[in-house]
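Heads up: the structure comes next, in structure tokens.
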Amino acid sequence: MSWFKEIFKGSVNRRVSRGHYDGDWHEGHSSDHIRDTYDDSDNEDMDRAIALSLAEEDQSKGKVAAIDTDYNLEEDEQLARALQESLNAESPPRQNVRIEDVPVPPRWDVPVERVPPRQYVPANEPPTLVYPQSGSRICAGCHNPIGHGRFLSCMGSVWHPQCFRCFACNKPISEYEFAMHDAQPYHKSCYKEFFHPKCDVCNNFIPTNTDGHIEYRAHPFWMQKYCPSHEDDGTPRCCSCERMEPREIKYITLDDGRKLCLECLTSSVMDTPECQHLYMDIQEFFEGLNMKVEQQIPLLLVERQALNEALEAEKNGHHLPETRGLCLSEEQIVRTILKRPKIGPGNRIIDMIIGPYKLSRLCEVTAILILYGLPRLQTGSILAHEMMHAYLRLKGFRNLSIEVEEGICQVLAYLWLESEIIAGSSSTVASSSEASSSSSSGPTSSKKGAKTEFEKKLGAFIKHQIETDSSEAYGGGFRAGYPAVERYGLKRTLDHIKLTGTFPY
């Protein structure tokens with residue numbers, strides 16, 4: 001019997017009665033499906049042990065003194081029968097494992113997956129088809145098992161409701177709808193705050209149209225976005241850069257009603273004496289191109305009304321409906337601005353001093369008039385354009401077509417802008433130009449301070465205006481003349497124009 005005890009104790013320690021699924025134990029099967037507890041050699045030893053035990057039992061009936069006091073016959077019988085039953089069972093009985101119905105939230109903005117209820121999977125099937133109590137679904141937010149309860153299925157993953165959060169505010173998304181941007185979820189309100197376009201004028205969200213689409217206007221260069229209604233509600237634009245006036249910023253009002261933004265105001269040219277420095281810079285620019293104008297042509301800064309009056313008295317020239325500069329050839333009296341005005345209450349120009357100036361015809365050109373109040377770069381591009389008109393008249397270029405004359409004048413304005421932007425973008429360029437006192441191919445840069453970022457942007461805007469002008473004379477003429485100058489040079493192009501009246505091709 002003692003031998004039987006050793007065999008029994010050694011075998012009980014190897015018995016595995018429960019299976020596991022991904023580390024969680026479940027009654028009736030194991031991770032390797034169901035495997036037998038004992039091998040064949042153990043079965044034979046057990047059979048012999050049981051036989052010996054039964055023989056000893058028969059011999060010991062009625063002989064109490066022969067019974068081991070530490071061993072109880074009834075317990076032996078129960079133990080032997082239990083052991084025999086366990087040996088006869090090749091595998092645990094087949095059990096059906098039920099997959100619990102997983103309740104879900106009432107509604108979500110994305111499809112919410114519900115596990116089909118009351119599905120039964122035999123216990124000896126592969127365990128990947130069995131959902132244990134601890135859950136086989138991993139939350140994409142916290143990376144823990146979903147378990148029982150509500151969950152979301154969206155964006156190719158499953159989530160605890162509290163783990164599905166807005167990428168902007170990091171709060172759970174519990175509304176019926178949410179928005180997506182760059183594969184990240186957002187509350188509708190957060191998405192609107194971050195990505196819904198706002199009007200740069202009124203600072204409100206741009207409303208949707210009747211079709212539910214967001215419709216807005218945008219400046220083709222500055223890309224200032226604004227509600228379509230601002231085109232008709234009297235919102236002013238800057239007379240220089242054309243940007244609309246934002247509600248929180250007050251533009252300067254000039255005496256003729258034009259509006260000037262604060263950035264353009266910082267470099268604005270407001271009176272005739274102030275413009276003389278710019279005039280000398282452009283004269284140097286022309287000299288650097290071997291196009292020196294010998295005659296001293298008066299330059300006057302004037303109001304819009306004086307410019308329009310001079311335009312009516314002028315017989316020659318081609319001008320836009322809204323003229324900003326004139327090259328005059330007739331004798332007349334012009335009212336010019338003598339002193340820079342001040343900015344008074346309500347951001348309005350006050351204390352402007354104006355005086356008459358009589359033009360005398362000493363040559364083909366009597367004066368150049370420029371509209372006051374524009375930034376230096378814009379004033380200079382207009383002045384370079386009008387200077388080219390003066391050069392053509394003084395050098396005997398006669399009977400040119402409007403496309404050729406206005407086109408070559410636009411080319412000179414464009415070239416001056418390029419020289420200003422390049423010279424003002426680097427102090428190294430300015431210092432090297434100042435050090436060079438020999439003959440230069442372009443204007444000196446010693447008088448041109450470094451440009452601000454806005455001035456560089458404004459210069460690029462004025463160039464863009466010249467490039468994209470839709471008029472046949474100014475825009476078409478430039479687009480025909482600039483490639484000719486690039487290909488043949490300015491001197492050869494001018495020689496060809498004087499000889500044939502056309503641009504070389």
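Chain identifiers are assigned as A, B, and so on, following the order in which chains appear in the structure tokens; residues are numbered from 1 within each chain, and ligands are numbered from 1 in order of appearance.
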Residues of range 246-474 of chain A in strand (DSSP E), written as a PyMOL selection string: chain A and resi 252-253+259-260+268-269+299-302+325-328+333-339+342-344+348-350+353-358+367-371+374-375
Dump as a short mmCIF file (atom, residue, chain, number, x, y, z; two decimals), in the first residue's frame, selection limited to N, CA, C and O atoms:
```cif
data_model
loop_
_atom_site.label_atom_id
_atom_site.label_comp_id
_atom_site.auth_asym_id
_atom_site.auth_seq_id
_atom_site.Cartn_x
_atom_site.Cartn_y
_atom_site.Cartn_z
N ILE A 252 -5.92 105.04 -42.43
CA ILE A 252 -5.79 106.49 -42.55
C ILE A 252 -6.65 106.98 -43.71
O ILE A 252 -6.66 106.37 -44.80
N THR A 253 -7.37 108.07 -43.49
CA THR A 253 -8.21 108.65 -44.53
C THR A 253 -7.51 109.88 -45.10
O THR A 253 -7.27 110.86 -44.37
N LYS A 259 -8.11 105.54 -48.76
CA LYS A 259 -7.71 104.92 -47.50
C LYS A 259 -6.30 104.37 -47.64
O LYS A 259 -5.94 103.81 -48.68
N LEU A 260 -5.53 104.48 -46.56
CA LEU A 260 -4.15 104.01 -46.56
C LEU A 260 -3.94 103.17 -45.30
O LEU A 260 -4.19 103.63 -44.18
N SER A 268 5.17 106.05 -46.68
CA SER A 268 4.46 106.88 -47.65
C SER A 268 5.21 108.17 -47.93
O SER A 268 5.91 108.72 -47.07
N VAL A 269 5.07 108.64 -49.16
CA VAL A 269 5.67 109.92 -49.59
C VAL A 269 4.54 110.93 -49.66
O VAL A 269 3.60 110.78 -50.45
N LEU A 299 9.54 117.78 -60.75
CA LEU A 299 8.73 116.70 -60.19
C LEU A 299 7.84 117.28 -59.11
O LEU A 299 8.32 117.92 -58.17
N LEU A 300 6.53 117.05 -59.23
CA LEU A 300 5.58 117.60 -58.29
C LEU A 300 4.69 116.49 -57.73
O LEU A 300 4.19 115.64 -58.47
N LEU A 301 4.50 116.54 -56.41
CA LEU A 301 3.57 115.62 -55.76
C LEU A 301 2.24 116.35 -55.60
O LEU A 301 2.20 117.47 -55.06
N VAL A 302 1.16 115.74 -56.06
CA VAL A 302 -0.13 116.45 -56.12
C VAL A 302 -1.24 115.58 -55.57
O VAL A 302 -1.11 114.37 -55.38
N GLY A 325 0.13 108.96 -62.17
CA GLY A 325 1.29 109.75 -62.60
C GLY A 325 1.07 110.31 -63.99
O GLY A 325 0.33 109.73 -64.80
N LEU A 326 1.72 111.42 -64.26
CA LEU A 326 1.61 112.07 -65.57
C LEU A 326 2.96 112.62 -65.99
O LEU A 326 3.72 113.15 -65.15
N CYS A 327 3.26 112.50 -67.26
CA CYS A 327 4.41 113.17 -67.87
C CYS A 327 3.83 114.26 -68.77
O CYS A 327 3.26 113.96 -69.84
N LEU A 328 3.95 115.52 -68.35
CA LEU A 328 3.29 116.62 -69.04
C LEU A 328 4.19 117.24 -70.10
O LEU A 328 5.41 117.26 -69.96
N ILE A 333 -0.67 125.63 -64.91
CA ILE A 333 -0.41 125.85 -63.49
C ILE A 333 -0.95 124.66 -62.71
O ILE A 333 -2.11 124.28 -62.85
N VAL A 334 -0.09 124.10 -61.86
CA VAL A 334 -0.44 122.91 -61.09
C VAL A 334 -0.33 123.21 -59.61
O VAL A 334 0.63 123.86 -59.17
N ARG A 335 -1.30 122.74 -58.84
CA ARG A 335 -1.24 122.89 -57.38
C ARG A 335 -0.50 121.68 -56.80
O ARG A 335 -0.91 120.55 -56.98
N THR A 336 0.58 121.96 -56.08
CA THR A 336 1.42 120.91 -55.54
C THR A 336 1.45 120.97 -54.01
O THR A 336 1.18 122.02 -53.41
N ILE A 337 1.77 119.85 -53.38
CA ILE A 337 1.82 119.75 -51.92
C ILE A 337 3.20 120.20 -51.45
O ILE A 337 4.22 119.63 -51.86
N LEU A 338 3.22 121.20 -50.58
CA LEU A 338 4.46 121.79 -50.14
C LEU A 338 4.96 121.24 -48.81
O LEU A 338 6.17 121.30 -48.53
N LYS A 339 4.07 120.73 -47.96
CA LYS A 339 4.46 120.27 -46.64
C LYS A 339 3.67 119.01 -46.28
O LYS A 339 2.47 118.94 -46.54
N LYS A 342 -0.47 116.23 -41.42
CA LYS A 342 -0.50 115.50 -40.16
C LYS A 342 -1.71 114.58 -40.11
O LYS A 342 -2.66 114.72 -40.89
N ILE A 343 -1.66 113.67 -39.15
CA ILE A 343 -2.79 112.77 -38.94
C ILE A 343 -3.57 113.29 -37.74
O ILE A 343 -3.05 113.38 -36.63
N GLY A 344 -4.83 113.62 -37.98
CA GLY A 344 -5.66 114.20 -36.93
C GLY A 344 -6.64 113.20 -36.35
O GLY A 344 -6.49 111.98 -36.50
N ARG A 348 -7.58 110.94 -39.79
CA ARG A 348 -7.76 111.71 -41.02
C ARG A 348 -6.57 112.67 -41.20
O ARG A 348 -6.00 113.19 -40.25
N ILE A 349 -6.22 112.91 -42.48
CA ILE A 349 -5.13 113.83 -42.82
C ILE A 349 -5.60 115.27 -42.63
O ILE A 349 -6.67 115.66 -43.11
N ILE A 350 -4.77 116.07 -41.94
CA ILE A 350 -5.09 117.49 -41.72
C ILE A 350 -3.85 118.33 -41.97
O ILE A 350 -2.74 117.81 -42.12
N ILE A 353 -0.59 121.70 -46.71
CA ILE A 353 -0.26 123.00 -47.30
C ILE A 353 -0.04 122.81 -48.80
O ILE A 353 0.80 122.01 -49.22
N ILE A 354 -0.79 123.55 -49.60
CA ILE A 354 -0.75 123.42 -51.07
C ILE A 354 -0.39 124.78 -51.68
O ILE A 354 -0.85 125.83 -51.20
N GLY A 355 0.41 124.74 -52.73
CA GLY A 355 0.78 125.97 -53.43
C GLY A 355 0.80 125.77 -54.93
O GLY A 355 0.98 124.65 -55.42
N PRO A 356 0.61 126.85 -55.72
CA PRO A 356 0.61 126.74 -57.19
C PRO A 356 2.03 126.64 -57.74
O PRO A 356 2.98 127.16 -57.15
N TYR A 357 2.14 125.99 -58.88
CA TYR A 357 3.43 125.87 -59.56
C TYR A 357 3.17 126.02 -61.06
O TYR A 357 2.39 125.25 -61.64
N LYS A 358 3.82 127.02 -61.67
CA LYS A 358 3.60 127.29 -63.09
C LYS A 358 4.62 126.52 -63.93
O LYS A 358 5.82 126.61 -63.70
N ALA A 367 6.81 118.71 -66.94
CA ALA A 367 6.83 118.28 -65.54
C ALA A 367 6.39 116.82 -65.45
O ALA A 367 5.79 116.26 -66.39
N ILE A 368 6.71 116.23 -64.32
CA ILE A 368 6.20 114.90 -63.98
C ILE A 368 5.38 115.05 -62.70
O ILE A 368 5.88 115.58 -61.69
N LEU A 369 4.13 114.61 -62.74
CA LEU A 369 3.24 114.68 -61.59
C LEU A 369 3.02 113.27 -61.03
O LEU A 369 2.79 112.32 -61.78
N ILE A 370 3.07 113.17 -59.69
CA ILE A 370 2.87 111.88 -59.02
C ILE A 370 1.83 112.08 -57.92
O ILE A 370 1.86 113.08 -57.19
N LEU A 371 0.91 111.16 -57.80
CA LEU A 371 -0.11 111.20 -56.76
C LEU A 371 0.53 111.00 -55.39
O LEU A 371 1.35 110.09 -55.20
N LEU A 374 1.34 107.60 -51.44
CA LEU A 374 1.63 106.20 -51.71
C LEU A 374 2.97 105.80 -51.09
O LEU A 374 3.84 106.66 -50.88
N PRO A 375 3.20 104.54 -50.81
CA PRO A 375 4.48 104.11 -50.24
C PRO A 375 5.64 104.38 -51.20
O PRO A 375 5.45 104.55 -52.41
#
```
Contacts of Leu394 in chain A at 12 Å (only C-alpha atoms; same-chain gap of 6+ positions) as a list in words: Met291, Lys292, Val293, Glu294, Gln295, Gln296, Ile297, Cys327, Ser329, Leu362, Cys363, Glu364, Val365, Thr366, Met387 and Met388 of chain A
Residue nearest Cys166 in chain A - candidates A:Arg247, A:His385, A:His196, A:Lys188, atoms counted: only C-alpha atoms: A:Lys188
Atom-to-atom span, CA of Ser174 in chain A and CA of Gln162 in chain A, Å: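 It comes out at 8.6 Å.
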d(CA of Gln410 in chain A, CA of Phe478 in chain A) in Å: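 Separating CA of Gln410 in chain A from CA of Phe478 in chain A is a distance of 5.8 Å.
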Name the residues in contact with Tyr482 in chain A at a cut-off of 12 Å, using only C-alpha atoms, excluding same-chain residues fewer than 3 positions from it; report them as an mmCIF file with all heavy atoms, in the first residue's frame.
```
data_model
loop_
_atom_site.group_PDB
_atom_site.id
_atom_site.type_symbol
_atom_site.label_atom_id
_atom_site.label_comp_id
_atom_site.auth_asym_id
_atom_site.auth_seq_id
_atom_site.Cartn_x
_atom_site.Cartn_y
_atom_site.Cartn_z
ATOM 1 N N VAL A 404 3.561 99.621 -77.364
ATOM 2 C CA VAL A 404 5.016 99.662 -77.287
ATOM 3 C C VAL A 404 5.467 100.712 -76.266
ATOM 4 O O VAL A 404 6.351 100.443 -75.428
ATOM 5 C CB VAL A 404 5.620 99.965 -78.673
ATOM 6 C CG1 VAL A 404 7.123 100.208 -78.565
ATOM 7 C CG2 VAL A 404 5.330 98.824 -79.633
ATOM 8 N N GLU A 406 3.774 102.237 -73.658
ATOM 9 C CA GLU A 406 3.422 101.887 -72.279
ATOM 10 C C GLU A 406 4.121 100.602 -71.846
ATOM 11 O O GLU A 406 4.499 100.451 -70.673
ATOM 12 C CB GLU A 406 1.906 101.734 -72.130
ATOM 13 C CG GLU A 406 1.116 102.999 -72.408
ATOM 14 C CD GLU A 406 1.451 104.137 -71.448
ATOM 15 O OE1 GLU A 406 2.059 103.879 -70.382
ATOM 16 O OE2 GLU A 406 1.114 105.296 -71.779
ATOM 17 N N GLY A 407 4.329 99.701 -72.776
ATOM 18 C CA GLY A 407 4.994 98.444 -72.433
ATOM 19 C C GLY A 407 6.430 98.646 -71.995
ATOM 20 O O GLY A 407 6.865 98.106 -70.971
ATOM 21 N N ILE A 408 7.215 99.471 -72.738
ATOM 22 C CA ILE A 408 8.611 99.682 -72.371
ATOM 23 C C ILE A 408 8.717 100.523 -71.090
ATOM 24 O O ILE A 408 9.652 100.351 -70.291
ATOM 25 C CB ILE A 408 9.396 100.338 -73.538
ATOM 26 C CG1 ILE A 408 10.906 100.222 -73.285
ATOM 27 C CG2 ILE A 408 8.956 101.769 -73.741
ATOM 28 C CD1 ILE A 408 11.412 98.810 -73.248
ATOM 29 N N CYS A 409 7.737 101.427 -70.859
ATOM 30 C CA CYS A 409 7.734 102.187 -69.607
ATOM 31 C C CYS A 409 7.459 101.269 -68.415
ATOM 32 O O CYS A 409 8.062 101.432 -67.347
ATOM 33 C CB CYS A 409 6.691 103.299 -69.677
ATOM 34 S SG CYS A 409 7.124 104.645 -70.825
ATOM 35 N N GLN A 410 6.596 100.284 -68.586
ATOM 36 C CA GLN A 410 6.349 99.307 -67.529
ATOM 37 C C GLN A 410 7.580 98.438 -67.278
ATOM 38 O O GLN A 410 7.845 98.043 -66.144
ATOM 39 C CB GLN A 410 5.143 98.430 -67.885
ATOM 40 C CG GLN A 410 3.788 99.124 -67.776
ATOM 41 C CD GLN A 410 3.412 99.422 -66.337
ATOM 42 O OE1 GLN A 410 3.929 100.366 -65.733
ATOM 43 N NE2 GLN A 410 2.506 98.645 -65.783
ATOM 44 N N VAL A 411 8.324 98.146 -68.331
ATOM 45 C CA VAL A 411 9.545 97.367 -68.164
ATOM 46 C C VAL A 411 10.533 98.122 -67.280
ATOM 47 O O VAL A 411 11.170 97.533 -66.385
ATOM 48 C CB VAL A 411 10.179 97.044 -69.536
ATOM 49 C CG1 VAL A 411 11.585 96.477 -69.361
ATOM 50 C CG2 VAL A 411 9.303 96.063 -70.303
ATOM 51 N N LEU A 412 10.688 99.431 -67.486
ATOM 52 C CA LEU A 412 11.611 100.209 -66.659
ATOM 53 C C LEU A 412 11.135 100.271 -65.206
ATOM 54 O O LEU A 412 11.959 100.203 -64.278
ATOM 55 C CB LEU A 412 11.770 101.620 -67.230
ATOM 56 C CG LEU A 412 12.979 101.842 -68.159
ATOM 57 C CD1 LEU A 412 14.289 101.725 -67.376
ATOM 58 C CD2 LEU A 412 12.987 100.841 -69.308
ATOM 59 N N ALA A 413 9.836 100.416 -64.992
ATOM 60 C CA ALA A 413 9.314 100.410 -63.620
ATOM 61 C C ALA A 413 9.601 99.063 -62.947
ATOM 62 O O ALA A 413 9.979 99.012 -61.775
ATOM 63 C CB ALA A 413 7.813 100.693 -63.637
ATOM 64 N N TYR A 414 9.449 97.987 -63.710
ATOM 65 C CA TYR A 414 9.685 96.637 -63.193
ATOM 66 C C TYR A 414 11.161 96.430 -62.842
ATOM 67 O O TYR A 414 11.493 95.885 -61.786
ATOM 68 C CB TYR A 414 9.230 95.627 -64.246
ATOM 69 C CG TYR A 414 9.143 94.201 -63.765
ATOM 70 C CD1 TYR A 414 7.969 93.703 -63.213
ATOM 71 C CD2 TYR A 414 10.227 93.335 -63.892
ATOM 72 C CE1 TYR A 414 7.876 92.387 -62.791
ATOM 73 C CE2 TYR A 414 10.155 92.019 -63.470
ATOM 74 C CZ TYR A 414 8.968 91.548 -62.930
ATOM 75 O OH TYR A 414 8.882 90.249 -62.509
ATOM 76 N N LEU A 415 12.043 96.902 -63.709
ATOM 77 C CA LEU A 415 13.479 96.760 -63.459
ATOM 78 C C LEU A 415 13.911 97.551 -62.229
ATOM 79 O O LEU A 415 14.766 97.103 -61.454
ATOM 80 C CB LEU A 415 14.269 97.217 -64.695
ATOM 81 C CG LEU A 415 14.115 96.356 -65.956
ATOM 82 C CD1 LEU A 415 14.877 96.987 -67.119
ATOM 83 C CD2 LEU A 415 14.601 94.939 -65.698
ATOM 84 N N ILE A 466 2.100 94.461 -62.239
ATOM 85 C CA ILE A 466 2.606 94.743 -63.590
ATOM 86 C C ILE A 466 2.536 93.490 -64.457
ATOM 87 O O ILE A 466 2.132 93.537 -65.626
ATOM 88 C CB ILE A 466 4.047 95.288 -63.507
ATOM 89 C CG1 ILE A 466 4.066 96.638 -62.775
ATOM 90 C CG2 ILE A 466 4.658 95.427 -64.900
ATOM 91 C CD1 ILE A 466 5.472 97.183 -62.520
ATOM 92 N N GLU A 467 2.913 92.371 -63.887
ATOM 93 C CA GLU A 467 2.938 91.120 -64.649
ATOM 94 C C GLU A 467 1.554 90.668 -65.081
ATOM 95 O O GLU A 467 1.393 90.110 -66.174
ATOM 96 C CB GLU A 467 3.587 90.018 -63.807
ATOM 97 C CG GLU A 467 5.047 90.246 -63.490
ATOM 98 C CD GLU A 467 5.542 89.328 -62.389
ATOM 99 O OE1 GLU A 467 4.710 88.639 -61.753
ATOM 100 O OE2 GLU A 467 6.769 89.297 -62.153
ATOM 101 N N TYR A 474 -0.879 98.272 -71.165
ATOM 102 C CA TYR A 474 0.073 98.166 -70.064
ATOM 103 C C TYR A 474 0.494 96.713 -69.835
ATOM 104 O O TYR A 474 1.692 96.411 -69.761
ATOM 105 C CB TYR A 474 -0.531 98.763 -68.795
ATOM 106 C CG TYR A 474 -0.679 100.270 -68.839
ATOM 107 C CD1 TYR A 474 -1.735 100.866 -69.517
ATOM 108 C CD2 TYR A 474 0.255 101.094 -68.221
ATOM 109 C CE1 TYR A 474 -1.870 102.248 -69.569
ATOM 110 C CE2 TYR A 474 0.135 102.477 -68.258
ATOM 111 C CZ TYR A 474 -0.931 103.048 -68.938
ATOM 112 O OH TYR A 474 -1.050 104.422 -69.008
ATOM 113 N N GLY A 475 -0.480 95.815 -69.686
ATOM 114 C CA GLY A 475 -0.147 94.420 -69.426
ATOM 115 C C GLY A 475 0.410 93.712 -70.641
ATOM 116 O O GLY A 475 1.469 93.073 -70.581
ATOM 117 N N GLY A 476 -0.298 93.830 -71.770
ATOM 118 C CA GLY A 476 0.181 93.193 -72.996
ATOM 119 C C GLY A 476 1.498 93.765 -73.470
ATOM 120 O O GLY A 476 2.382 93.038 -73.941
ATOM 121 N N GLY A 477 1.650 95.109 -73.345
ATOM 122 C CA GLY A 477 2.907 95.737 -73.743
ATOM 123 C C GLY A 477 4.076 95.258 -72.894
ATOM 124 O O GLY A 477 5.164 94.995 -73.416
ATOM 125 N N PHE A 478 3.863 95.120 -71.588
ATOM 126 C CA PHE A 478 4.946 94.622 -70.735
ATOM 127 C C PHE A 478 5.312 93.185 -71.086
ATOM 128 O O PHE A 478 6.500 92.837 -71.162
ATOM 129 C CB PHE A 478 4.521 94.708 -69.264
ATOM 130 C CG PHE A 478 5.461 93.993 -68.333
ATOM 131 C CD1 PHE A 478 6.665 94.575 -67.955
ATOM 132 C CD2 PHE A 478 5.170 92.720 -67.855
ATOM 133 C CE1 PHE A 478 7.544 93.915 -67.114
ATOM 134 C CE2 PHE A 478 6.037 92.053 -67.014
ATOM 135 C CZ PHE A 478 7.229 92.652 -66.644
ATOM 136 N N ARG A 479 4.316 92.347 -71.294
ATOM 137 C CA ARG A 479 4.587 90.930 -71.570
ATOM 138 C C ARG A 479 5.243 90.718 -72.926
ATOM 139 O O ARG A 479 5.847 89.670 -73.165
ATOM 140 C CB ARG A 479 3.290 90.124 -71.461
ATOM 141 C CG ARG A 479 2.814 89.971 -70.012
ATOM 142 C CD ARG A 479 1.593 89.086 -69.914
ATOM 143 N NE ARG A 479 0.389 89.738 -70.380
ATOM 144 C CZ ARG A 479 -0.391 90.513 -69.639
ATOM 145 N NH1 ARG A 479 -0.069 90.751 -68.365
ATOM 146 N NH2 ARG A 479 -1.485 91.061 -70.127
ATOM 147 N N VAL A 485 13.740 92.585 -73.764
ATOM 148 C CA VAL A 485 14.857 93.170 -73.022
ATOM 149 C C VAL A 485 15.730 92.076 -72.421
ATOM 150 O O VAL A 485 16.971 92.178 -72.401
ATOM 151 C CB VAL A 485 14.326 94.116 -71.934
ATOM 152 C CG1 VAL A 485 15.457 94.588 -71.024
ATOM 153 C CG2 VAL A 485 13.626 95.314 -72.573
ATOM 154 N N GLU A 486 15.127 91.022 -71.919
ATOM 155 C CA GLU A 486 15.903 89.922 -71.358
ATOM 156 C C GLU A 486 16.755 89.240 -72.424
ATOM 157 O O GLU A 486 17.864 88.802 -72.150
ATOM 158 C CB GLU A 486 14.958 88.896 -70.710
ATOM 159 C CG GLU A 486 14.477 89.282 -69.325
ATOM 160 C CD GLU A 486 13.894 88.089 -68.594
ATOM 161 O OE1 GLU A 486 13.153 87.306 -69.240
ATOM 162 O OE2 GLU A 486 14.177 87.933 -67.401
ATOM 163 N N ARG A 487 16.226 89.145 -73.631
ATOM 164 C CA ARG A 487 16.938 88.418 -74.689
ATOM 165 C C ARG A 487 17.997 89.275 -75.370
ATOM 166 O O ARG A 487 19.120 88.808 -75.599
ATOM 167 C CB ARG A 487 15.929 87.917 -75.714
ATOM 168 C CG ARG A 487 16.550 87.095 -76.831
ATOM 169 C CD ARG A 487 15.490 86.518 -77.733
ATOM 170 N NE ARG A 487 16.084 85.695 -78.791
ATOM 171 C CZ ARG A 487 15.372 85.059 -79.730
ATOM 172 N NH1 ARG A 487 14.051 85.147 -79.736
ATOM 173 N NH2 ARG A 487 15.986 84.343 -80.653
ATOM 174 N N TYR A 488 17.649 90.517 -75.677
ATOM 175 C CA TYR A 488 18.563 91.351 -76.469
ATOM 176 C C TYR A 488 19.234 92.460 -75.668
ATOM 177 O O TYR A 488 20.144 93.125 -76.188
ATOM 178 C CB TYR A 488 17.806 91.986 -77.643
ATOM 179 C CG TYR A 488 17.191 90.973 -78.574
ATOM 180 C CD1 TYR A 488 15.818 90.736 -78.567
ATOM 181 C CD2 TYR A 488 17.984 90.246 -79.463
ATOM 182 C CE1 TYR A 488 15.245 89.810 -79.424
ATOM 183 C CE2 TYR A 488 17.411 89.309 -80.330
ATOM 184 C CZ TYR A 488 16.045 89.091 -80.295
ATOM 185 O OH TYR A 488 15.481 88.166 -81.147
ATOM 186 N N GLY A 489 18.788 92.688 -74.430
ATOM 187 C CA GLY A 489 19.322 93.801 -73.663
ATOM 188 C C GLY A 489 18.509 95.058 -73.901
ATOM 189 O O GLY A 489 17.812 95.198 -74.926
ATOM 190 N N LEU A 490 18.593 96.017 -72.993
ATOM 191 C CA LEU A 490 17.774 97.219 -73.088
ATOM 192 C C LEU A 490 18.207 98.110 -74.249
ATOM 193 O O LEU A 490 17.354 98.637 -74.985
ATOM 194 C CB LEU A 490 17.860 97.988 -71.761
ATOM 195 C CG LEU A 490 16.995 99.243 -71.652
ATOM 196 C CD1 LEU A 490 15.523 98.927 -71.878
ATOM 197 C CD2 LEU A 490 17.203 99.911 -70.286
ATOM 198 N N THR A 493 17.135 96.702 -77.617
ATOM 199 C CA THR A 493 15.668 96.758 -77.716
ATOM 200 C C THR A 493 15.214 98.171 -78.040
ATOM 201 O O THR A 493 14.339 98.373 -78.902
ATOM 202 C CB THR A 493 15.028 96.279 -76.400
ATOM 203 O OG1 THR A 493 15.432 94.927 -76.135
ATOM 204 C CG2 THR A 493 13.508 96.337 -76.483
ATOM 205 N N LEU A 494 15.804 99.169 -77.363
ATOM 206 C CA LEU A 494 15.428 100.556 -77.649
ATOM 207 C C LEU A 494 15.829 100.966 -79.066
ATOM 208 O O LEU A 494 15.082 101.698 -79.744
ATOM 209 C CB LEU A 494 16.074 101.490 -76.619
ATOM 210 C CG LEU A 494 15.492 101.418 -75.192
ATOM 211 C CD1 LEU A 494 16.314 102.280 -74.242
ATOM 212 C CD2 LEU A 494 14.034 101.851 -75.188
ATOM 213 N N PHE A 503 8.721 95.848 -80.799
ATOM 214 C CA PHE A 503 9.675 95.080 -80.002
ATOM 215 C C PHE A 503 10.350 94.021 -80.877
ATOM 216 O O PHE A 503 9.726 93.438 -81.763
ATOM 217 C CB PHE A 503 8.973 94.365 -78.838
ATOM 218 C CG PHE A 503 8.470 95.292 -77.773
ATOM 219 C CD1 PHE A 503 7.100 95.444 -77.548
ATOM 220 C CD2 PHE A 503 9.364 96.036 -77.000
ATOM 221 C CE1 PHE A 503 6.638 96.282 -76.561
ATOM 222 C CE2 PHE A 503 8.898 96.887 -76.012
ATOM 223 C CZ PHE A 503 7.533 97.015 -75.793
ATOM 224 N N PRO A 504 11.637 93.767 -80.670
ATOM 225 C CA PRO A 504 12.291 92.696 -81.423
ATOM 226 C C PRO A 504 11.809 91.322 -80.918
ATOM 227 O O PRO A 504 11.462 91.153 -79.736
ATOM 228 C CB PRO A 504 13.770 92.886 -81.078
ATOM 229 C CG PRO A 504 13.785 93.581 -79.756
ATOM 230 C CD PRO A 504 12.569 94.451 -79.741
ATOM 231 N N TYR A 505 11.802 90.359 -81.817
ATOM 232 C CA TYR A 505 11.367 88.991 -81.464
ATOM 233 C C TYR A 505 12.480 88.009 -81.724
ATOM 234 O O TYR A 505 13.402 88.256 -82.437
ATOM 235 C CB TYR A 505 10.112 88.623 -82.260
ATOM 236 C CG TYR A 505 8.911 89.460 -81.904
ATOM 237 C CD1 TYR A 505 8.526 90.540 -82.716
ATOM 238 C CD2 TYR A 505 8.173 89.190 -80.757
ATOM 239 C CE1 TYR A 505 7.422 91.317 -82.363
ATOM 240 C CE2 TYR A 505 7.059 89.954 -80.424
ATOM 241 C CZ TYR A 505 6.699 91.021 -81.239
ATOM 242 O OH TYR A 505 5.622 91.790 -80.894
#
```
Backbone-only DSSP, alpha helix (DSSP H) members of range 152-239 of chain A, as a VMD selection string: chain A and resid 188 to 195
Residues within 12 Å of Ile214 in chain A, only C-alpha atoms, excluding chain neighbours under 6 positions, as a list in words: Lys192, Phe195, His196, Pro197, Lys198, Cys199, Phe205, Ile206, Pro207, Thr208, Lys225, Tyr226, Cys227 and Pro228 of chain A
